[in-house]
Amino acid sequence: HIPIKSATGTSLLVIAANSALALLGHRHSLHVDWSLMLQLMAPALLTTYLGVKLTEKLSARHLRWVFGVFVILLGVFMVASNTSLMFKH
């Protein structure tokens with residue numbers, strides 16, 4: 001059984017590595033707005049830092065609950081976004 005803090009950190013590391021490799025692999029075929037990416041990096045790094053600090057303060061039980069709520073809210077947002085796109089056409 002992997003502790004929730006290790007599992008969450010490992011999952012995020014895999015996602016980050018996968019995203020970085022996908023960006024590198026598609027950099028020639030996609031138009032990447034590097035200016036926008038640089039603008040988003042500071043808030044992304046700040047929230048990563050805050051997330052690390054938060055996990056240091058939360059118990060595994062609370063971290064599991066926060067992560068679950070986050071995943072559910074993200075899913076609701078994605079469904080709502082895609083549903084609104086479906087009905088625009």
# chains A, B, ... in the order shown; residues from 1 in each chain; ligands from 1

$ residues_around --residues "segment 60-70 of chain A" --least-positions-apart "4" --cutoff "10 Å" --atoms "only C-alpha atoms" --output "ChimeraX atom specification"
/A:3-5,8,54-56,74-76

$ closest_residue --among "A:Met41, A:Leu24, A:Val52, A:Ile72" --to "Ser6 of chain A" --atoms "only C-alpha atoms"
A:Val52

$ atom_distance --atom1 "atom CA of His31 of chain A" --atom2 "atom CA of Leu85 of chain A"
22.0 Å
